[in-house]
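**Q** File name coords_31.txt; file contents compact mmCIF, C-alpha atoms; full text below.
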```txt
# COMPACT_ATOMS: atom_id res chain seq x y z
CA MET J 1034 0.00 0.00 0.00
CA ARG J 1035 3.02 2.27 -0.31
CA PHE J 1036 1.46 3.96 -3.33
CA LEU J 1037 -1.27 5.30 -1.04
CA ARG J 1038 1.22 7.12 1.18
CA LEU J 1039 1.27 10.87 0.78
CA PRO J 1040 4.57 12.65 0.14
CA ALA J 1041 6.17 13.98 3.34
CA PRO J 1042 5.20 17.66 2.75
CA LEU J 1043 1.56 16.71 2.15
CA ARG J 1044 1.55 14.51 5.25
CA GLY J 1045 2.85 17.50 7.18
CA ILE J 1046 0.10 19.75 5.86
CA ALA J 1047 -2.50 17.07 6.60
CA SER J 1048 -1.23 16.75 10.19
CA ILE J 1049 -1.39 20.48 10.79
CA VAL J 1050 -4.86 20.84 9.25
CA ALA J 1051 -6.20 17.82 11.14
CA GLY J 1052 -4.89 19.21 14.41
CA SER J 1053 -6.37 22.64 13.69
CA VAL J 1054 -9.74 21.13 12.82
CA ALA J 1055 -9.73 19.05 16.01
CA GLY J 1056 -8.66 21.94 18.24
CA GLN J 1057 -10.98 24.54 16.76
CA GLY J 1058 -13.78 22.00 16.48
CA LEU J 1059 -13.56 21.35 20.21
CA VAL J 1060 -13.70 25.07 20.95
CA ILE J 1061 -16.76 25.55 18.74
CA LEU J 1062 -18.50 22.50 20.20
CA ALA J 1063 -17.92 23.88 23.70
CA TYR J 1064 -19.74 27.15 23.01
CA PRO J 1065 -23.26 25.77 23.70
CA LEU J 1066 -21.97 24.81 27.17
CA LEU J 1067 -20.03 28.02 27.75
CA THR J 1068 -22.99 30.22 26.81
CA ARG J 1069 -24.99 28.52 29.57
CA LEU J 1070 -22.20 29.03 32.12
CA TYR J 1071 -21.33 32.62 31.25
CA SER J 1072 -23.52 35.64 30.53
CA PRO J 1073 -23.38 37.87 27.43
CA ALA J 1074 -21.75 40.56 29.59
CA GLU J 1075 -18.98 38.15 30.60
CA PHE J 1076 -18.48 37.21 26.96
CA GLY J 1077 -18.29 40.94 26.28
CA LEU J 1078 -15.32 41.21 28.64
CA LEU J 1079 -13.70 38.31 26.79
CA THR J 1080 -14.31 40.07 23.46
CA VAL J 1081 -12.69 43.31 24.61
CA PHE J 1082 -9.81 41.50 26.32
CA THR J 1083 -9.13 39.27 23.30
CA SER J 1084 -9.17 42.18 20.85
CA VAL J 1085 -6.74 44.24 22.92
CA VAL J 1086 -4.22 41.50 23.74
CA SER J 1087 -4.34 40.11 20.19
CA MET J 1088 -3.29 43.43 18.68
CA ILE J 1089 -0.60 43.94 21.32
CA ALA J 1090 0.72 40.41 20.71
CA ILE J 1091 1.13 41.15 17.00
CA VAL J 1092 3.27 44.16 17.84
CA ALA J 1093 5.13 42.15 20.50
CA THR J 1094 6.80 39.77 18.03
CA ALA J 1095 7.96 42.65 15.78
CA SER J 1096 7.15 40.24 12.91
CA LEU J 1097 10.49 38.52 13.60
CA GLU J 1098 8.73 35.15 13.69
CA ALA J 1099 8.39 35.36 9.89
CA ALA J 1100 12.20 35.38 9.62
CA VAL J 1101 12.78 32.28 11.78
CA PRO J 1102 12.58 29.78 8.85
CA LEU J 1103 14.96 31.80 6.66
CA PRO J 1104 18.55 31.42 7.99
CA VAL J 1105 20.58 28.51 6.65
CA GLU J 1106 22.14 27.71 10.02
CA ASP J 1107 20.07 26.69 13.04
CA ARG J 1108 22.25 28.84 15.27
CA ASP J 1109 21.32 31.95 13.28
CA ALA J 1110 17.64 30.96 13.26
CA ALA J 1111 17.77 30.45 17.04
CA ALA J 1112 19.15 33.98 17.42
CA VAL J 1113 16.19 35.34 15.44
CA ALA J 1114 13.74 33.31 17.53
CA TRP J 1115 15.29 34.45 20.82
CA ALA J 1116 15.25 38.04 19.58
CA GLY J 1117 11.55 37.64 18.86
CA LEU J 1118 10.91 36.12 22.29
CA GLY J 1119 12.87 38.96 23.88
CA CYS J 1120 10.62 41.48 22.13
CA VAL J 1121 7.59 39.52 23.35
CA ALA J 1122 8.83 39.50 26.95
CA ALA J 1123 9.56 43.24 26.89
CA THR J 1124 6.14 44.04 25.42
CA ALA J 1125 4.41 41.80 27.96
CA ALA J 1126 6.23 43.59 30.79
CA ILE J 1127 5.18 47.00 29.46
CA THR J 1128 1.61 45.74 29.07
CA SER J 1129 1.59 44.56 32.69
CA LEU J 1130 2.85 47.94 33.85
CA VAL J 1131 0.21 49.84 31.88
CA ALA J 1132 -2.49 47.50 33.20
CA LEU J 1133 -1.27 48.10 36.74
CA VAL J 1134 -1.41 51.90 36.59
CA ALA J 1135 -4.16 52.61 34.05
CA ALA J 1136 -6.56 49.65 33.99
CA ALA J 1137 -9.57 51.54 35.33
CA PRO J 1138 -9.64 54.47 32.86
CA LEU J 1139 -8.72 52.29 29.87
CA THR J 1140 -11.37 49.65 30.51
CA ALA J 1141 -13.98 52.36 31.16
CA LEU J 1142 -13.08 53.95 27.82
CA LEU J 1143 -13.66 50.60 26.12
CA GLY J 1144 -17.07 50.19 27.72
CA ALA J 1145 -15.96 47.31 29.96
CA PRO J 1146 -15.12 48.78 33.40
CA GLN J 1147 -15.60 45.39 35.08
CA LEU J 1148 -12.52 44.20 33.18
CA ALA J 1149 -10.25 46.36 35.35
CA ALA J 1150 -10.21 43.73 38.10
CA ASP J 1151 -8.80 41.12 35.71
CA ALA J 1152 -6.49 43.43 33.74
CA TRP J 1153 -3.46 41.86 35.44
CA LEU J 1154 -3.92 38.94 33.04
CA ALA J 1155 -3.12 41.11 30.00
CA GLY J 1156 0.67 40.90 30.31
CA PRO J 1157 0.89 37.11 30.80
CA THR J 1158 -1.62 36.56 27.98
CA VAL J 1159 0.35 38.78 25.60
CA PHE J 1160 3.43 36.72 26.41
CA ALA J 1161 1.55 33.45 25.83
CA LEU J 1162 0.17 34.65 22.47
CA GLY J 1163 3.49 36.07 21.30
CA ALA J 1164 5.52 33.03 22.36
CA TYR J 1165 2.95 30.81 20.64
CA THR J 1166 3.51 32.69 17.38
CA VAL J 1167 7.31 32.56 17.54
CA MET J 1168 7.46 28.90 18.58
CA SER J 1169 5.04 27.94 15.82
CA ARG J 1170 7.55 29.23 13.26
CA TRP J 1171 10.39 27.40 14.99
CA MET J 1172 8.44 24.13 14.76
CA ILE J 1173 7.75 24.82 11.09
CA ARG J 1174 11.46 25.43 10.48
CA ASP J 1175 12.22 22.15 12.26
CA ARG J 1176 9.54 20.47 10.12
CA SER J 1177 7.93 19.08 13.26
CA TYR J 1178 4.61 18.88 11.47
CA GLY J 1179 3.19 16.02 13.50
CA ALA J 1180 4.04 17.79 16.75
CA LEU J 1181 2.55 20.99 15.37
CA GLY J 1182 -0.68 19.19 14.52
CA ARG J 1183 -0.87 17.63 17.98
CA ARG J 1184 -0.21 21.01 19.54
CA ASN J 1185 -3.05 22.57 17.54
CA ALA J 1186 -5.38 19.88 18.85
CA LEU J 1187 -4.15 20.28 22.42
CA GLN J 1188 -4.67 24.04 22.15
CA GLY J 1189 -8.41 23.45 22.06
CA ILE J 1190 -8.24 21.29 25.18
CA GLY J 1191 -6.01 23.82 26.95
CA GLN J 1192 -8.49 26.58 26.23
CA VAL J 1193 -11.79 24.81 26.84
CA ALA J 1194 -10.91 22.81 29.97
CA PRO J 1195 -10.22 25.80 32.26
CA GLN J 1196 -13.13 27.75 30.80
CA LEU J 1197 -15.55 24.94 31.56
CA GLY J 1198 -14.01 24.11 34.93
CA LEU J 1199 -13.88 27.69 36.16
CA GLY J 1200 -17.33 28.35 34.72
CA LEU J 1201 -18.75 25.50 36.79
CA ALA J 1202 -16.94 26.97 39.79
CA GLY J 1203 -18.76 30.26 39.21
CA VAL J 1204 -15.70 32.52 39.04
CA GLY J 1205 -17.23 34.72 36.35
CA ALA J 1206 -15.45 36.22 33.33
CA LEU J 1207 -12.04 35.32 34.76
CA GLY J 1208 -12.59 31.74 33.61
CA LEU J 1209 -13.01 32.82 30.00
CA LEU J 1210 -9.95 35.07 30.13
CA VAL J 1211 -7.68 32.44 31.70
CA GLY J 1212 -8.58 29.92 29.01
CA LEU J 1213 -7.37 32.24 26.25
CA GLY J 1214 -3.76 32.15 27.47
CA CYS J 1215 -3.78 28.54 28.68
CA GLY J 1216 -4.65 27.29 25.22
CA ARG J 1217 -1.47 28.85 23.83
CA LEU J 1218 0.88 27.51 26.50
CA VAL J 1219 1.05 24.18 24.67
CA ALA J 1220 3.32 25.96 22.15
CA LEU J 1221 6.06 25.55 24.74
CA GLY J 1222 6.51 22.08 23.26
CA GLY J 1223 8.50 23.81 20.54
CA LEU J 1224 10.73 25.20 23.27
CA LEU J 1225 11.30 22.04 25.30
CA SER J 1226 11.17 19.21 22.74
CA ALA J 1227 14.16 17.16 21.56
CA ARG J 1228 14.91 19.71 18.81
CA GLY J 1229 13.32 22.63 20.61
CA LEU J 1230 14.80 26.07 20.97
CA LEU J 1231 16.34 25.32 24.37
CA ARG J 1232 18.38 22.54 22.77
CA GLN J 1233 20.14 25.06 20.55
CA PRO J 1234 23.30 26.95 21.60
CA TRP J 1235 22.50 30.17 23.41
CA PRO J 1236 23.11 33.17 21.14
CA SER J 1237 25.47 35.90 22.26
CA LEU J 1238 24.43 39.53 22.44
CA ALA J 1239 26.41 40.13 19.25
CA GLU J 1240 24.44 37.38 17.48
CA LEU J 1241 21.16 38.86 18.69
CA ARG J 1242 22.17 42.29 17.40
CA THR J 1243 23.23 40.76 14.09
CA ALA J 1244 19.88 38.97 13.78
CA LEU J 1245 17.94 42.18 14.47
CA ARG J 1246 20.07 44.11 11.98
CA ARG J 1247 19.87 41.42 9.28
CA TYR J 1248 16.07 41.09 9.47
CA ARG J 1249 15.18 44.68 10.37
CA ASN J 1250 12.84 44.94 7.38
CA PHE J 1251 10.40 42.60 9.07
CA PRO J 1252 9.52 45.00 11.91
CA LEU J 1253 9.90 47.99 9.62
CA LEU J 1254 7.84 46.78 6.64
CA ALA J 1255 5.91 43.60 7.49
CA LEU J 1256 4.72 44.65 10.94
CA PRO J 1257 2.61 47.65 9.84
CA SER J 1258 0.66 45.56 7.33
CA THR J 1259 0.13 42.73 9.82
CA PHE J 1260 -1.02 45.12 12.54
CA LEU J 1261 -3.41 47.01 10.25
CA ASN J 1262 -4.88 43.70 9.09
CA SER J 1263 -5.57 42.69 12.69
CA ALA J 1264 -6.86 46.14 13.62
CA GLY J 1265 -9.38 46.02 10.78
CA LEU J 1266 -10.97 43.01 12.49
CA GLU J 1267 -10.51 43.88 16.17
CA VAL J 1268 -10.99 47.65 16.45
CA PRO J 1269 -14.66 47.54 15.29
CA LEU J 1270 -15.41 45.17 18.18
CA LEU J 1271 -13.83 47.63 20.61
CA LEU J 1272 -15.87 50.48 19.12
CA ILE J 1273 -19.10 48.51 19.53
CA SER J 1274 -18.20 47.83 23.16
CA ALA J 1275 -17.30 51.47 23.84
CA ALA J 1276 -20.51 52.75 22.27
CA TYR J 1277 -23.04 50.07 23.27
CA GLY J 1278 -21.60 48.28 26.32
CA ASP J 1279 -20.18 44.89 27.18
CA ILE J 1280 -23.43 42.94 26.70
CA ARG J 1281 -23.67 43.94 23.03
CA ALA J 1282 -19.94 43.31 22.65
CA GLY J 1283 -20.44 39.82 24.07
CA LEU J 1284 -23.27 39.04 21.67
CA LEU J 1285 -21.21 40.29 18.74
CA GLY J 1286 -18.10 38.50 19.98
CA LEU J 1287 -19.89 35.15 20.08
CA THR J 1288 -21.17 35.74 16.55
CA VAL J 1289 -17.67 36.46 15.29
CA ARG J 1290 -16.14 33.41 16.97
CA VAL J 1291 -18.81 30.92 15.97
CA VAL J 1292 -19.01 32.02 12.34
CA SER J 1293 -15.43 33.01 11.59
CA GLY J 1294 -13.80 29.96 13.21
CA PRO J 1295 -14.90 27.38 10.62
CA LEU J 1296 -14.43 29.90 7.80
CA ALA J 1297 -10.85 30.52 8.89
CA ILE J 1298 -9.97 26.81 8.81
CA VAL J 1299 -11.40 26.30 5.32
CA GLY J 1300 -10.10 29.64 4.09
CA GLN J 1301 -6.53 28.92 5.21
CA ALA J 1302 -6.55 25.58 3.42
CA VAL J 1303 -7.84 27.20 0.23
CA TYR J 1304 -5.28 30.00 0.60
CA ASN J 1305 -2.45 27.47 0.74
CA VAL J 1306 -3.70 25.61 -2.33
CA PHE J 1307 -4.29 28.84 -4.25
CA THR J 1308 -0.79 30.03 -3.38
CA GLY J 1309 0.72 26.86 -4.82
CA GLU J 1310 -1.38 26.99 -7.97
CA SER J 1311 -0.74 30.69 -8.53
CA SER J 1312 2.99 30.25 -8.02
CA ALA J 1313 2.88 27.84 -10.95
CA ALA J 1314 0.54 30.05 -12.97
CA ILE J 1315 2.96 32.98 -13.06
CA ARG J 1316 5.29 30.69 -15.04
CA ASP J 1317 2.58 29.21 -17.26
CA PRO J 1318 2.86 30.47 -20.87
CA ARG J 1319 -0.91 30.08 -21.20
CA ALA J 1320 -1.29 33.09 -18.82
CA THR J 1321 -3.93 31.57 -16.54
CA MET J 1322 -3.55 33.55 -13.34
CA GLY J 1323 -6.42 35.96 -13.95
CA ARG J 1324 -8.69 33.07 -14.81
CA ASN J 1325 -7.63 31.25 -11.65
CA VAL J 1326 -8.55 34.26 -9.49
CA ARG J 1327 -11.99 34.64 -11.04
CA SER J 1328 -12.86 30.94 -11.03
CA SER J 1329 -11.66 30.49 -7.44
CA VAL J 1330 -13.86 33.34 -6.20
CA ARG J 1331 -16.88 32.02 -8.13
CA ARG J 1332 -16.47 28.54 -6.64
CA LEU J 1333 -16.03 29.85 -3.13
CA LEU J 1334 -19.11 32.04 -3.52
CA MET J 1335 -21.15 28.99 -4.50
CA VAL J 1336 -19.86 27.05 -1.49
CA GLY J 1337 -20.49 29.93 0.92
CA LEU J 1338 -23.97 30.78 -0.32
CA LEU J 1339 -25.70 27.99 1.62
CA PRO J 1340 -24.41 28.87 5.12
CA ALA J 1341 -24.91 32.58 4.38
CA ALA J 1342 -28.50 31.92 3.30
CA LEU J 1343 -29.03 29.83 6.46
CA LEU J 1344 -27.90 32.71 8.67
CA LEU J 1345 -30.10 35.16 6.76
CA ALA J 1346 -33.15 32.90 7.01
CA VAL J 1347 -33.03 31.50 10.55
CA GLY J 1348 -30.07 33.14 12.31
CA PRO J 1349 -31.87 34.31 15.49
CA GLY J 1350 -33.79 31.07 15.96
CA LEU J 1351 -30.72 28.96 15.29
CA PHE J 1352 -28.61 30.85 17.85
CA ALA J 1353 -31.39 30.67 20.46
CA LEU J 1354 -31.71 26.91 19.94
CA VAL J 1355 -27.98 26.16 20.08
CA PHE J 1356 -26.71 28.69 22.62
CA GLY J 1357 -29.78 29.54 24.69
CA SER J 1358 -32.63 32.01 24.41
CA GLN J 1359 -30.62 34.98 25.71
CA TRP J 1360 -28.35 34.67 22.65
CA SER J 1361 -31.04 35.12 19.98
CA GLU J 1362 -29.90 38.72 19.44
CA ALA J 1363 -26.49 37.35 18.42
CA GLY J 1364 -28.33 35.54 15.64
CA GLU J 1365 -29.63 38.91 14.45
CA TYR J 1366 -26.04 40.13 14.30
CA ALA J 1367 -25.07 37.00 12.36
CA ARG J 1368 -27.84 37.77 9.87
CA LEU J 1369 -26.52 41.30 9.39
CA LEU J 1370 -22.93 40.11 9.01
CA ALA J 1371 -23.70 37.21 6.65
CA PRO J 1372 -22.86 39.20 3.46
CA ALA J 1373 -19.54 40.27 4.98
CA TYR J 1374 -18.60 36.73 5.92
CA LEU J 1375 -19.56 35.47 2.47
CA ALA J 1376 -17.34 38.12 0.85
CA GLN J 1377 -14.49 37.31 3.24
CA PHE J 1378 -14.77 33.58 2.58
CA ALA J 1379 -14.79 34.01 -1.19
CA ILE J 1380 -12.15 36.70 -1.65
CA VAL J 1381 -9.53 36.55 1.13
CA PRO J 1382 -8.02 33.22 -0.12
CA VAL J 1383 -7.12 34.84 -3.47
CA SER J 1384 -5.36 37.72 -1.70
CA ALA J 1385 -2.23 35.59 -2.08
CA THR J 1386 -2.13 37.10 -5.57
CA LEU J 1387 -0.76 40.38 -4.24
CA PHE J 1388 1.92 38.61 -2.22
CA ILE J 1389 3.03 36.37 -5.08
CA LEU J 1390 3.21 39.28 -7.52
CA GLU J 1391 5.11 41.39 -4.98
CA ARG J 1392 2.35 43.98 -4.61
CA GLN J 1393 2.97 44.41 -0.88
CA GLY J 1394 2.42 48.15 -1.18
CA GLN J 1395 -1.10 47.57 -2.49
CA GLU J 1396 -1.73 45.04 0.26
CA LEU J 1397 -0.66 47.57 2.89
CA GLY J 1398 -2.88 50.21 1.31
CA TRP J 1399 -5.81 47.80 1.32
CA THR J 1400 -5.40 46.93 5.01
CA ALA J 1401 -5.42 50.66 5.82
CA LEU J 1402 -8.54 51.13 3.70
CA ARG J 1403 -10.35 48.26 5.42
CA LEU J 1404 -9.48 49.68 8.83
CA ALA J 1405 -10.95 53.02 7.79
CA LEU J 1406 -14.09 51.46 6.30
CA THR J 1407 -14.79 49.18 9.26
CA THR J 1408 -14.17 51.76 11.98
CA ALA J 1409 -15.58 55.00 10.59
CA GLY J 1410 -19.13 53.69 10.22
CA PRO J 1411 -19.56 52.09 13.67
CA ALA J 1412 -17.86 55.08 15.31
CA ALA J 1413 -20.23 57.49 13.58
CA CYS J 1414 -23.24 55.36 14.56
CA GLY J 1415 -22.12 55.30 18.17
CA LEU J 1416 -21.61 59.06 18.29
CA ALA J 1417 -24.99 59.65 16.65
CA GLY J 1418 -26.79 57.31 19.06
CA ALA J 1419 -27.97 54.98 16.30
CA PRO J 1420 -29.25 51.53 17.31
CA VAL J 1421 -26.63 48.81 17.58
CA GLY J 1422 -28.20 46.93 14.68
CA VAL J 1423 -27.54 49.89 12.41
CA ALA J 1424 -23.92 50.04 13.55
CA ILE J 1425 -23.42 46.34 12.81
CA ALA J 1426 -25.12 46.68 9.40
CA VAL J 1427 -22.77 49.56 8.58
CA LEU J 1428 -19.82 47.46 9.77
CA SER J 1429 -20.94 44.63 7.50
CA ALA J 1430 -21.21 47.01 4.54
CA GLY J 1431 -17.71 48.32 5.25
CA HIS J 1432 -16.31 44.81 5.15
CA VAL J 1433 -18.12 44.00 1.90
CA VAL J 1434 -16.82 47.13 0.19
CA SER J 1435 -13.28 46.43 1.37
CA TYR J 1436 -13.35 42.85 0.07
CA VAL J 1437 -14.72 43.99 -3.29
CA VAL J 1438 -11.79 46.40 -3.53
CA LEU J 1439 -9.43 43.55 -2.64
CA TYR J 1440 -10.94 41.43 -5.42
CA VAL J 1441 -10.46 44.23 -7.95
CA LEU J 1442 -6.83 44.67 -6.90
CA CYS J 1443 -6.17 40.94 -7.24
CA VAL J 1444 -7.84 40.67 -10.65
CA ARG J 1445 -5.98 43.67 -12.01
CA ALA J 1446 -2.64 42.40 -10.69
CA ALA J 1447 -3.27 38.91 -12.13
CA ASP J 1448 -4.36 40.28 -15.50
CA ALA J 1449 -1.28 42.52 -15.67
CA SER J 1450 0.92 39.50 -14.94
CA ASP J 1451 -0.83 37.50 -17.67
CA ARG J 1452 -0.33 40.28 -20.20
CA ARG J 1453 3.37 40.47 -19.42
CA LEU J 1454 3.70 36.71 -19.71
CA SER J 1455 1.83 36.64 -23.03
CA ALA J 1456 4.08 39.38 -24.42
CA GLU J 1457 7.26 37.47 -23.60
CA PRO J 1458 8.72 35.45 -26.48
CA PRO J 1459 8.58 31.67 -25.98
CA ASP J 1460 11.74 29.88 -24.86
CA GLY J 1461 14.10 29.29 -27.72
CA ALA J 1462 12.55 31.97 -29.93
```
Could you quickly redo this structure as structure tokens?
**A**
Amino acid sequence: MRFLRLPAPLRGIASIVAGSVAGQGLVILAYPLLTRLYSPAEFGLLTVFTSVVSMIAIVATASLEAAVPLPVEDRDAAAVAWAGLGCVAATAAITSLVALVAAAPLTALLGAPQLAADAWLAGPTVFALGAYTVMSRWMIRDRSYGALGRRNALQGIGQVAPQLGLGLAGVGALGLLVGLGCGRLVALGGLLSARGLLRQPWPSLAELRTALRRYRNFPLLALPSTFLNSAGLEVPLLLISAAYGDIRAGLLGLTVRVVSGPLAIVGQAVYNVFTGESSAAIRDPRATMGRNVRSSVRRLLMVGLLPAALLLAVGPGLFALVFGSQWSEAGEYARLLAPAYLAQFAIVPVSATLFILERQGQELGWTALRLALTTAGPAACGLAGAPVGVAIAVLSAGHVVSYVVLYVLCVRAADASDRRLSAEPPDGA
């Protein structure tokens, strides 16, 4: 049966995807239990906390994790990884200090004053998230795909177990917040394993400085785009909380997690396949890249239409049935956001086009545009005192417009590449 065995790289991808599906599947399956242990207001605190620490964690790594797989020598790669972890530790310490001295006014500004009592968790959680990101890249460099897949599965257990246990103990929102960081601590396997980072020679200060100097473009150029991309998703949630309170933020946060989780798993798999196909297409004399972009989006739209239609038709009733009657309003939010999620599902996977064709400047401009489109509307609605449903509808429209712009950018870039390829003389001419 050797002919049935997948090549090693495909087995690695399958291990990672299987682990991600298992881990995220467990988290999603736990939500009907969690929504009966925690109130919408407590989920609102989780939403605000997650949005804040996620954006800080992106800054914390300085995008150095992206450089970990690049050096030829493990010693040089270890220096990059330790430099990234050093940045994470420093950012986590600063976060803890800010939380200590300014938790009350900051949480009040975000519409979640009850979060001030648990703000001490921000620093440790930033460290857990940042270390998780860096160690993931080290495991990828080491090609520890099986371990990475197991870690992704264990992440779900590490997150859900304390949330359920502390929820049953009645500790309140603290249980949800603790689970967020605990789920990421399993990444320490990449630190302690047989080929983990601690098994490598310790870098000297000179090697750390060399690593930072050699890969300085990652914090200078890659970090802004990565941060703006995250902010375009997280800042609108903070604006909803600030304008409409933690209960509405909790309802919206549940909607985002339940709907976007499965979409992210499928979307990442499609993104990886599209990247491979497009990398070949830019060398194909038949100039097929533009056609690939259009056909991929059409197919994804057809796949995503059914779940989008389901949310539009029975969203409130479905959420009330699965998560409890007090969550039916979250189903209304899901109905309003269904067009945005459909556009995201269909178009984001082909955004690899801009990366492959080295249009990073356009990608950065698009992330800034999306941030503007998704924050200006909800902020204006909050200031004007519009109902929360209007704010979420405007947020959904902002996302749709931004993804349409992304599609246009990808199509134009792909068509331009095809025209250049068609104009080139064939080999040997």
**Q** Within 9 Å of range 1070-1078 of chain J, which residues of range 1133-1236 of chain J show up? Give each one with its shortest atom-to-atom distance in Å (one decimal) and the two atoms involved, counting all atoms listed in the file, rows by chain then rising residue number, as JSON lines.
**A**
```
{"residue": "J:Ala1145", "atom": "CA", "partner": "J:Leu1078", "partner_atom": "CA", "distance": 6.3}
{"residue": "J:Pro1146", "atom": "CA", "partner": "J:Leu1078", "partner_atom": "CA", "distance": 8.9}
{"residue": "J:Gln1147", "atom": "CA", "partner": "J:Leu1078", "partner_atom": "CA", "distance": 7.7}
{"residue": "J:Leu1148", "atom": "CA", "partner": "J:Leu1078", "partner_atom": "CA", "distance": 6.1}
{"residue": "J:Leu1197", "atom": "CA", "partner": "J:Leu1070", "partner_atom": "CA", "distance": 7.8}
{"residue": "J:Gly1200", "atom": "CA", "partner": "J:Leu1070", "partner_atom": "CA", "distance": 5.6}
{"residue": "J:Leu1201", "atom": "CA", "partner": "J:Leu1070", "partner_atom": "CA", "distance": 6.8}
{"residue": "J:Gly1203", "atom": "CA", "partner": "J:Leu1070", "partner_atom": "CA", "distance": 8.0}
{"residue": "J:Gly1205", "atom": "CA", "partner": "J:Tyr1071", "partner_atom": "CA", "distance": 6.9}
{"residue": "J:Ala1206", "atom": "CA", "partner": "J:Glu1075", "partner_atom": "CA", "distance": 4.9}
{"residue": "J:Leu1207", "atom": "CA", "partner": "J:Glu1075", "partner_atom": "CA", "distance": 8.6}
{"residue": "J:Leu1209", "atom": "CA", "partner": "J:Phe1076", "partner_atom": "CA", "distance": 7.6}
{"residue": "J:Leu1210", "atom": "CA", "partner": "J:Leu1078", "partner_atom": "CA", "distance": 8.3}
```
**Q** At a cut-off of 12 Å around the point (22.9, 33.4, 18.9) (file coordinates), what residues fall inside when counting only C-alpha atoms? I'd like the answer as a list in words.
**A**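 In the file's frame, the residues around the point are Pro1104, Glu1106, Asp1107, Arg1108, Asp1109, Ala1110, Ala1111, Ala1112, Val1113, Ala1114, Trp1115, Ala1116, Leu1230, Leu1231, Gln1233, Pro1234, Trp1235, Pro1236, Ser1237, Leu1238, Ala1239, Glu1240, Leu1241, Arg1242, Thr1243, Ala1244 and Leu1245 of chain J.
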**Q** What is the CA of Ala1100 in chain J-CA of Gly1117 in chain J distance in Å, reported with one decimal?
**A**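 We find that CA of Ala1100 in chain J and CA of Gly1117 in chain J lie 9.5 Å from each other.
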**Q** Figure out the distance between CA of Trp1153 in chain J and CA of Ala1132 in chain J, please, to one decimal in Å.
**A**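 If I compute the distance from CA of Ala1132 in chain J to CA of Trp1153 in chain J, I get 6.1 Å.
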**Q** Grab the CA of Val1438 in chain J to CA of Pro1411 in chain J distance for me, in Å with one decimal place.
**A** 19.7 Å
**Q** With all atoms listed in the file as the basis for distance, which of J:Ile1173, J:Ile1089, J:Ala1063, J:Leu1416 is at the shortest distance from Pro1102 in chain J?
**A**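 Using all atoms listed in the file, the shortest distance to Pro1102 in chain J belongs to J:Ile1173.
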**Q** Taking all atoms listed in the file into account, which of J:Leu1266, J:Leu1370, J:Leu1338, J:Val1167 comes nearest Ser1429 in chain J?
**A**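 Closest to Ser1429 in chain J of all the choices is J:Leu1370.
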**Q** Pick from J:Ala1297, J:Phe1352, J:Tyr1366, J:Ser1169: nearest to Gly1182 in chain J, with all atoms listed in the file counted?
**A** J:Ser1169
**Q** Go ahead and find all residues with at least one atom no further than 9 Å from (3.4, 27.1, 16.1) in the file's coordinates, using all atoms listed in the file; report them as an MDAnalysis selection string.
**A** chainID J and resid 1164:1173 1181 1184:1185 1220 1223
**Q** Near range 1432-1437 of chain J, counting only C-alpha atoms, which residues have an atom at most 8 Å away, once you skip same-chain residues fewer than 6 positions from it, shown as a list in words?
**A**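 These residues fall inside the cut-off: Pro1372, Ala1373, Ala1376, Gln1377, Ile1380, Val1381, Trp1399, Leu1402, Arg1403, Leu1406 and Thr1407 of chain J.
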